[in-house]
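Peer 1: Let me give you the structure first, and then I'll get to my questions.
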Amino acid sequence: MTAALTVAAVQYEPLDGGISANVPGHVRHLVDAHSMGARLVLFPELSLTGYELELLAADGGDGAWLVPGDERLAPLREACSQTGTTAVVGAALRDNDGTPRLASVVIGPDGEEQPVFKTYLHGAERELFEPGDGPALLELDGWKIALAICFDAAVPAHAQAAADAGADIYAVSAVYVEGEEHRLGLHLGSRAMDHRMFGILANLGGETGIGSSCGLSGTWGPDGLAVSQTAGNGSAIALATLEPKALLTYR
């Protein structure tokens with residue numbers, strides 16, 4: 001990369017009502033982030049529904065689950081196209097062959113979608129989803145961005161694989177709750193510092209199926225220190241402009 005990249009970690013507090021109820025909020029946050037200069041807008045794990053595994057299990061594969069090319073995301077695709085912004089949103093996804101995945105869906109300015117699957121499922125997730133096979137790399141403005149979902153960041157091998165693939169940024173969509181503040185900081189700070197890359201975390205806001213969010217969405221530098229973080233646990237945007245020279249100092 002040769003130019004700075006402005007990124008936004010959106011701490012999103014989902015509404016009841018599933019995907020259709022939450023797409024407008026995603027659009028509003030994306031447009032707001034774009035107005036502040038963001039080229040990449042990262043949303044939390046399961047941002048389109050909230051982290052409500054019991055509801056997903058009871059849904060039967062319909063309303064709360066995405067499918068590839070889902071028409072309910074049309075407003076978000078249009079917003080990405082109009083703003084030239086890339087969004088990463090969190091959802092339960094039925095893959096083309098019907099495989100259930102805990103996914104991040106990358107939506108580019110051209111409307112194309114790329115699903116990325118959580119590798120390290122844990123707890124009740126194992127009963128609902130099939131795991132992915134490692135980090136996926138997104139390239140944007142010359143930057144290589146590795147995408148991770150929550151517990152992936154707790155497993156050092158995941159970030160190591162991202163670094164081995166040449167990642168400049170480790171972008172984590174997650175759910176960390178009250179009492180996990182120290183854990184959150186250690187995971188993001190150490191992954192960034194150990195592998196000389198930036199870290200980004202978008203944490204689910206508000207009340208979740210496993211407790212109250214601890215907030216703290218933001219960005220970490222390759223020195224392991226936080227660059228910007230949200231205050232409180234409601235919906236908010238943490239914006240940061242990442243400079244290539246900050247990486248070169250440590251590489």
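Here's how to read the names in the structure tokens: chain A, B, ... by the order shown, residue numbers from 1 in each chain, ligand numbers from 1 in the order shown.
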Please list as an MDAnalysis selection string every residue within 7 Å of range 95-109 of chain A, counting only C-alpha atoms and excluding residues in the same chain fewer than 4 positions away.

Peer 2: chainID A and resid 67:68 77 80:81 84:91 113:118 128:131

Peer 1: Give me a file of those residues, with C-alpha atoms, as a PDB file, in the first residue's frame.

Peer 2:
```
ATOM      1  CA  VAL A  67     -28.805 -16.684   1.387  1.00  0.00           C
ATOM      2  CA  PRO A  68     -26.301 -15.657  -1.317  1.00  0.00           C
ATOM      3  CA  ARG A  77     -25.570  -2.900  -1.938  1.00  0.00           C
ATOM      4  CA  CYS A  80     -21.999   0.763  -1.119  1.00  0.00           C
ATOM      5  CA  SER A  81     -22.279   1.500  -4.837  1.00  0.00           C
ATOM      6  CA  GLY A  84     -17.799   3.728  -3.229  1.00  0.00           C
ATOM      7  CA  THR A  85     -17.514   2.087   0.183  1.00  0.00           C
ATOM      8  CA  THR A  86     -16.813  -1.529   1.161  1.00  0.00           C
ATOM      9  CA  ALA A  87     -18.929  -2.933   4.000  1.00  0.00           C
ATOM     10  CA  VAL A  88     -18.453  -6.069   6.105  1.00  0.00           C
ATOM     11  CA  VAL A  89     -21.698  -7.206   7.756  1.00  0.00           C
ATOM     12  CA  GLY A  90     -22.379 -10.116  10.138  1.00  0.00           C
ATOM     13  CA  ALA A  91     -25.020 -12.771   9.487  1.00  0.00           C
ATOM     14  CA  GLU A 113     -20.549 -10.134  -2.289  1.00  0.00           C
ATOM     15  CA  GLN A 114     -17.887 -12.324  -0.719  1.00  0.00           C
ATOM     16  CA  PRO A 115     -18.831 -14.460   2.295  1.00  0.00           C
ATOM     17  CA  VAL A 116     -16.205 -15.229   4.929  1.00  0.00           C
ATOM     18  CA  PHE A 117     -16.826 -17.983   7.477  1.00  0.00           C
ATOM     19  CA  LYS A 118     -15.921 -18.175  11.157  1.00  0.00           C
ATOM     20  CA  LEU A 128     -25.802 -24.443  14.446  1.00  0.00           C
ATOM     21  CA  PHE A 129     -22.921 -23.832  12.046  1.00  0.00           C
ATOM     22  CA  GLU A 130     -20.156 -25.518  10.080  1.00  0.00           C
ATOM     23  CA  PRO A 131     -16.690 -23.944  10.492  1.00  0.00           C
TER      24      PRO A 131
END
```

Peer 1: Just the residues within 6 Å of Val172 in chain A, please, counting only C-alpha atoms, with nothing from its chain fewer than 5 positions along; format it as a ChimeraX atom specification.

Peer 2: /A:148-149,200-201

Peer 1: Extract the full set of strand (DSSP E or B) residues from range 62-224 of chain A according to DSSP on the backbone, and format it as JSON, numbers by chain.

Peer 2: {"A": [65, 66, 86, 87, 88, 89, 90, 91, 92, 93, 94, 100, 101, 102, 103, 104, 105, 106, 107, 113, 114, 115, 116, 117, 136, 137, 138, 139, 140, 143, 144, 145, 146, 147, 148, 149, 169, 170, 171, 172, 173, 174, 177, 198, 199, 200, 201, 202, 203, 207, 208, 211, 212, 213, 218, 219, 220]}

Peer 1: May I have a table of the residues of range 7-40 of chain A lying at most 10 Å from range 233-241 of chain A, giving each one's closest pair of atoms and their distance in Å to one decimal, counting only C-alpha atoms, ordered by chain and ascending residue number, as CSV?

Peer 2:
```
residue,atom,partner,partner_atom,distance
A:Val7,CA,A:Ala240,CA,5.6
A:Ala8,CA,A:Leu239,CA,4.6
A:Ala9,CA,A:Ala238,CA,5.1
A:Val10,CA,A:Ile237,CA,4.6
A:Gln11,CA,A:Ser235,CA,5.0
A:Tyr12,CA,A:Ser235,CA,4.6
A:Glu13,CA,A:Ser235,CA,5.2
A:Pro14,CA,A:Ser235,CA,8.7
A:Gly25,CA,A:Ser235,CA,9.9
A:His29,CA,A:Ile237,CA,7.8
A:Leu30,CA,A:Ile237,CA,9.6
A:Asp32,CA,A:Ile237,CA,8.7
A:Ala33,CA,A:Ile237,CA,7.3
A:Met36,CA,A:Leu239,CA,8.0
A:Gly37,CA,A:Leu239,CA,8.8
A:Ala38,CA,A:Leu239,CA,7.5
A:Arg39,CA,A:Thr241,CA,9.9
```

Peer 1: Print the selection's residues with all heavy atoms to a file, as a compact mmCIF listing (two decimals), in the first residue's frame.

Peer 2:
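part09.txt, freshly written:
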```
# COMPACT_ATOMS: atom_id res chain seq x y z
N VAL A 7 -10.73 3.84 8.04
CA VAL A 7 -11.60 2.70 8.34
C VAL A 7 -12.56 3.09 9.47
O VAL A 7 -12.25 3.94 10.31
CB VAL A 7 -10.78 1.46 8.76
CG1 VAL A 7 -9.86 1.02 7.64
CG2 VAL A 7 -9.99 1.73 10.03
N ALA A 8 -13.72 2.45 9.47
CA ALA A 8 -14.72 2.69 10.50
C ALA A 8 -15.13 1.37 11.13
O ALA A 8 -15.54 0.45 10.41
CB ALA A 8 -15.94 3.40 9.92
N ALA A 9 -14.99 1.27 12.45
CA ALA A 9 -15.52 0.14 13.20
C ALA A 9 -16.87 0.58 13.77
O ALA A 9 -16.93 1.49 14.60
CB ALA A 9 -14.57 -0.26 14.31
N VAL A 10 -17.94 -0.04 13.29
CA VAL A 10 -19.28 0.34 13.73
C VAL A 10 -19.71 -0.55 14.88
O VAL A 10 -19.82 -1.77 14.72
CB VAL A 10 -20.29 0.24 12.58
CG1 VAL A 10 -21.70 0.57 13.09
CG2 VAL A 10 -19.91 1.16 11.44
N GLN A 11 -19.92 0.06 16.04
CA GLN A 11 -20.48 -0.66 17.18
C GLN A 11 -22.00 -0.56 17.04
O GLN A 11 -22.59 0.48 17.34
CB GLN A 11 -20.00 -0.02 18.47
CG GLN A 11 -20.40 -0.78 19.73
CD GLN A 11 -19.68 -0.24 20.92
OE1 GLN A 11 -18.49 -0.49 21.09
NE2 GLN A 11 -20.36 0.54 21.74
N TYR A 12 -22.60 -1.63 16.57
CA TYR A 12 -24.01 -1.58 16.19
C TYR A 12 -24.87 -2.32 17.20
O TYR A 12 -24.57 -3.46 17.56
CB TYR A 12 -24.18 -2.18 14.79
CG TYR A 12 -25.62 -2.15 14.31
CD1 TYR A 12 -26.20 -0.95 13.94
CD2 TYR A 12 -26.37 -3.31 14.25
CE1 TYR A 12 -27.52 -0.91 13.51
CE2 TYR A 12 -27.69 -3.28 13.83
CZ TYR A 12 -28.26 -2.08 13.46
OH TYR A 12 -29.57 -2.04 13.04
N GLU A 13 -25.95 -1.67 17.63
CA GLU A 13 -26.91 -2.27 18.55
C GLU A 13 -28.13 -2.72 17.75
O GLU A 13 -28.93 -1.89 17.31
CB GLU A 13 -27.32 -1.26 19.62
CG GLU A 13 -28.22 -1.83 20.69
CD GLU A 13 -28.46 -0.84 21.83
OE1 GLU A 13 -27.86 0.25 21.81
OE2 GLU A 13 -29.26 -1.19 22.72
N PRO A 14 -28.29 -4.03 17.53
CA PRO A 14 -29.34 -4.51 16.64
C PRO A 14 -30.75 -4.26 17.19
O PRO A 14 -30.98 -4.24 18.40
CB PRO A 14 -29.07 -6.02 16.54
CG PRO A 14 -27.69 -6.22 17.05
CD PRO A 14 -27.46 -5.13 18.05
N GLY A 25 -30.56 0.46 9.43
CA GLY A 25 -29.56 0.96 10.36
C GLY A 25 -28.16 0.78 9.84
O GLY A 25 -27.28 1.64 10.05
N HIS A 29 -25.49 3.91 9.14
CA HIS A 29 -24.13 3.96 9.69
C HIS A 29 -23.09 3.99 8.57
O HIS A 29 -22.06 4.65 8.70
CB HIS A 29 -23.90 2.76 10.61
CG HIS A 29 -24.48 2.93 11.97
ND1 HIS A 29 -25.77 2.61 12.27
CD2 HIS A 29 -23.94 3.42 13.12
CE1 HIS A 29 -26.01 2.87 13.55
NE2 HIS A 29 -24.91 3.37 14.08
N LEU A 30 -23.33 3.25 7.50
CA LEU A 30 -22.39 3.25 6.39
C LEU A 30 -22.30 4.65 5.77
O LEU A 30 -21.20 5.14 5.50
CB LEU A 30 -22.80 2.22 5.34
CG LEU A 30 -21.84 2.11 4.15
CD1 LEU A 30 -21.60 0.65 3.78
CD2 LEU A 30 -22.37 2.86 2.93
N ASP A 32 -23.02 7.50 7.20
CA ASP A 32 -22.36 8.38 8.16
C ASP A 32 -20.85 8.17 8.14
O ASP A 32 -20.07 9.14 8.15
CB ASP A 32 -22.89 8.12 9.57
CG ASP A 32 -24.28 8.67 9.79
OD1 ASP A 32 -24.76 9.45 8.94
OD2 ASP A 32 -24.91 8.30 10.79
N ALA A 33 -20.42 6.92 8.12
CA ALA A 33 -18.99 6.62 8.09
C ALA A 33 -18.35 7.15 6.81
O ALA A 33 -17.24 7.70 6.84
CB ALA A 33 -18.75 5.12 8.24
N MET A 36 -17.50 10.71 6.83
CA MET A 36 -16.29 11.01 7.62
C MET A 36 -15.03 10.51 6.92
O MET A 36 -13.94 10.57 7.49
CB MET A 36 -16.42 10.39 9.01
CG MET A 36 -17.52 11.02 9.84
SD MET A 36 -17.60 10.35 11.54
CE MET A 36 -18.56 8.86 11.27
N GLY A 37 -15.18 9.98 5.70
CA GLY A 37 -14.03 9.59 4.91
C GLY A 37 -13.71 8.11 4.89
O GLY A 37 -12.71 7.70 4.30
N ALA A 38 -14.54 7.27 5.50
CA ALA A 38 -14.24 5.84 5.58
C ALA A 38 -14.36 5.16 4.23
O ALA A 38 -15.31 5.40 3.47
CB ALA A 38 -15.18 5.16 6.58
N ARG A 39 -13.40 4.31 3.95
CA ARG A 39 -13.42 3.47 2.75
C ARG A 39 -13.85 2.04 3.09
O ARG A 39 -14.38 1.33 2.25
CB ARG A 39 -12.04 3.44 2.11
CG ARG A 39 -11.59 4.77 1.55
CD ARG A 39 -12.15 5.01 0.16
NE ARG A 39 -11.57 4.04 -0.78
CZ ARG A 39 -12.26 3.42 -1.75
NH1 ARG A 39 -13.55 3.61 -1.88
NH2 ARG A 39 -11.64 2.58 -2.57
```

Peer 1: Could you find all residues in range 105-212 of chain A that DSSP calls alpha helix (DSSP H) from the backbone, and write them as a list in words?

Peer 2: Glu125, Arg126, Glu127, Leu128, Pro156, Ala157, His158, Ala159, Gln160, Ala161, Ala162, Ala163, Asp164, Glu181, His182, Arg183, Leu184, Gly185, Leu186, His187, Leu188, Gly189, Ser190, Arg191, Ala192, Met193, Asp194 and His195 of chain A

Peer 1: Given the selection you just returned, output its residues as a file containing C-alpha atoms, formatted as a PDB file, in the first residue's frame.

Peer 2:
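Written output follows (selection39.pdb):
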```
ATOM      1  CA  GLU A 125     -22.361 -22.222  17.741  1.00  0.00           C
ATOM      2  CA  ARG A 126     -21.063 -25.716  17.008  1.00  0.00           C
ATOM      3  CA  GLU A 127     -24.633 -27.026  16.985  1.00  0.00           C
ATOM      4  CA  LEU A 128     -25.802 -24.443  14.446  1.00  0.00           C
ATOM      5  CA  PRO A 156      -3.162 -17.194  17.750  1.00  0.00           C
ATOM      6  CA  ALA A 157      -2.942 -19.523  14.752  1.00  0.00           C
ATOM      7  CA  HIS A 158      -5.684 -17.583  12.973  1.00  0.00           C
ATOM      8  CA  ALA A 159      -3.808 -14.278  13.086  1.00  0.00           C
ATOM      9  CA  GLN A 160      -0.586 -16.101  12.222  1.00  0.00           C
ATOM     10  CA  ALA A 161      -2.213 -17.452   9.059  1.00  0.00           C
ATOM     11  CA  ALA A 162      -3.393 -13.938   8.227  1.00  0.00           C
ATOM     12  CA  ALA A 163       0.122 -12.552   8.676  1.00  0.00           C
ATOM     13  CA  ASP A 164       1.598 -15.366   6.590  1.00  0.00           C
ATOM     14  CA  GLU A 181     -12.728  -5.766  28.510  1.00  0.00           C
ATOM     15  CA  HIS A 182      -9.213  -6.935  29.374  1.00  0.00           C
ATOM     16  CA  ARG A 183      -9.553  -9.983  27.153  1.00  0.00           C
ATOM     17  CA  LEU A 184     -10.680  -7.802  24.236  1.00  0.00           C
ATOM     18  CA  GLY A 185      -7.706  -5.470  24.613  1.00  0.00           C
ATOM     19  CA  LEU A 186      -5.227  -8.315  24.899  1.00  0.00           C
ATOM     20  CA  HIS A 187      -6.571 -10.129  21.845  1.00  0.00           C
ATOM     21  CA  LEU A 188      -6.534  -7.121  19.532  1.00  0.00           C
ATOM     22  CA  GLY A 189      -3.373  -5.537  20.901  1.00  0.00           C
ATOM     23  CA  SER A 190      -1.326  -8.722  20.845  1.00  0.00           C
ATOM     24  CA  ARG A 191      -2.472  -9.825  17.386  1.00  0.00           C
ATOM     25  CA  ALA A 192      -1.544  -6.412  15.986  1.00  0.00           C
ATOM     26  CA  MET A 193       1.797  -6.191  17.814  1.00  0.00           C
ATOM     27  CA  ASP A 194       2.915  -9.778  17.285  1.00  0.00           C
ATOM     28  CA  HIS A 195       2.331  -9.639  13.532  1.00  0.00           C
TER      29      HIS A 195
END
```

Peer 1: For CA of Leu53 in chain A and CA of Pro75 in chain A, quote the distance in Å rounded to one decimal.

Peer 2: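 Calculated distance between CA of Leu53 in chain A and CA of Pro75 in chain A is 25.5 Å.
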
Peer 1: Expressed in Å to a single decimal, how great is the separation between CA of Gln229 in chain A and CA of Cys214 in chain A?

Peer 2: 11.6 Å

Peer 1: So, counting only C-alpha atoms, which residue among A:Asp133, A:Glu180, A:Asp152, A:Glu45 is closest to Gly211 in chain A?

Peer 2: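 Counting only C-alpha atoms, the residue closest to Gly211 in chain A is A:Glu180.
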
Peer 1: With only C-alpha atoms as the counted atoms, please give the residues lying no more than 8 Å from Phe151 in chain A, apart from itself and same-chain residues fewer than 3 positions off, as an NGL selection string.

Peer 2: :A and (120-122 or 154-155 or 174)
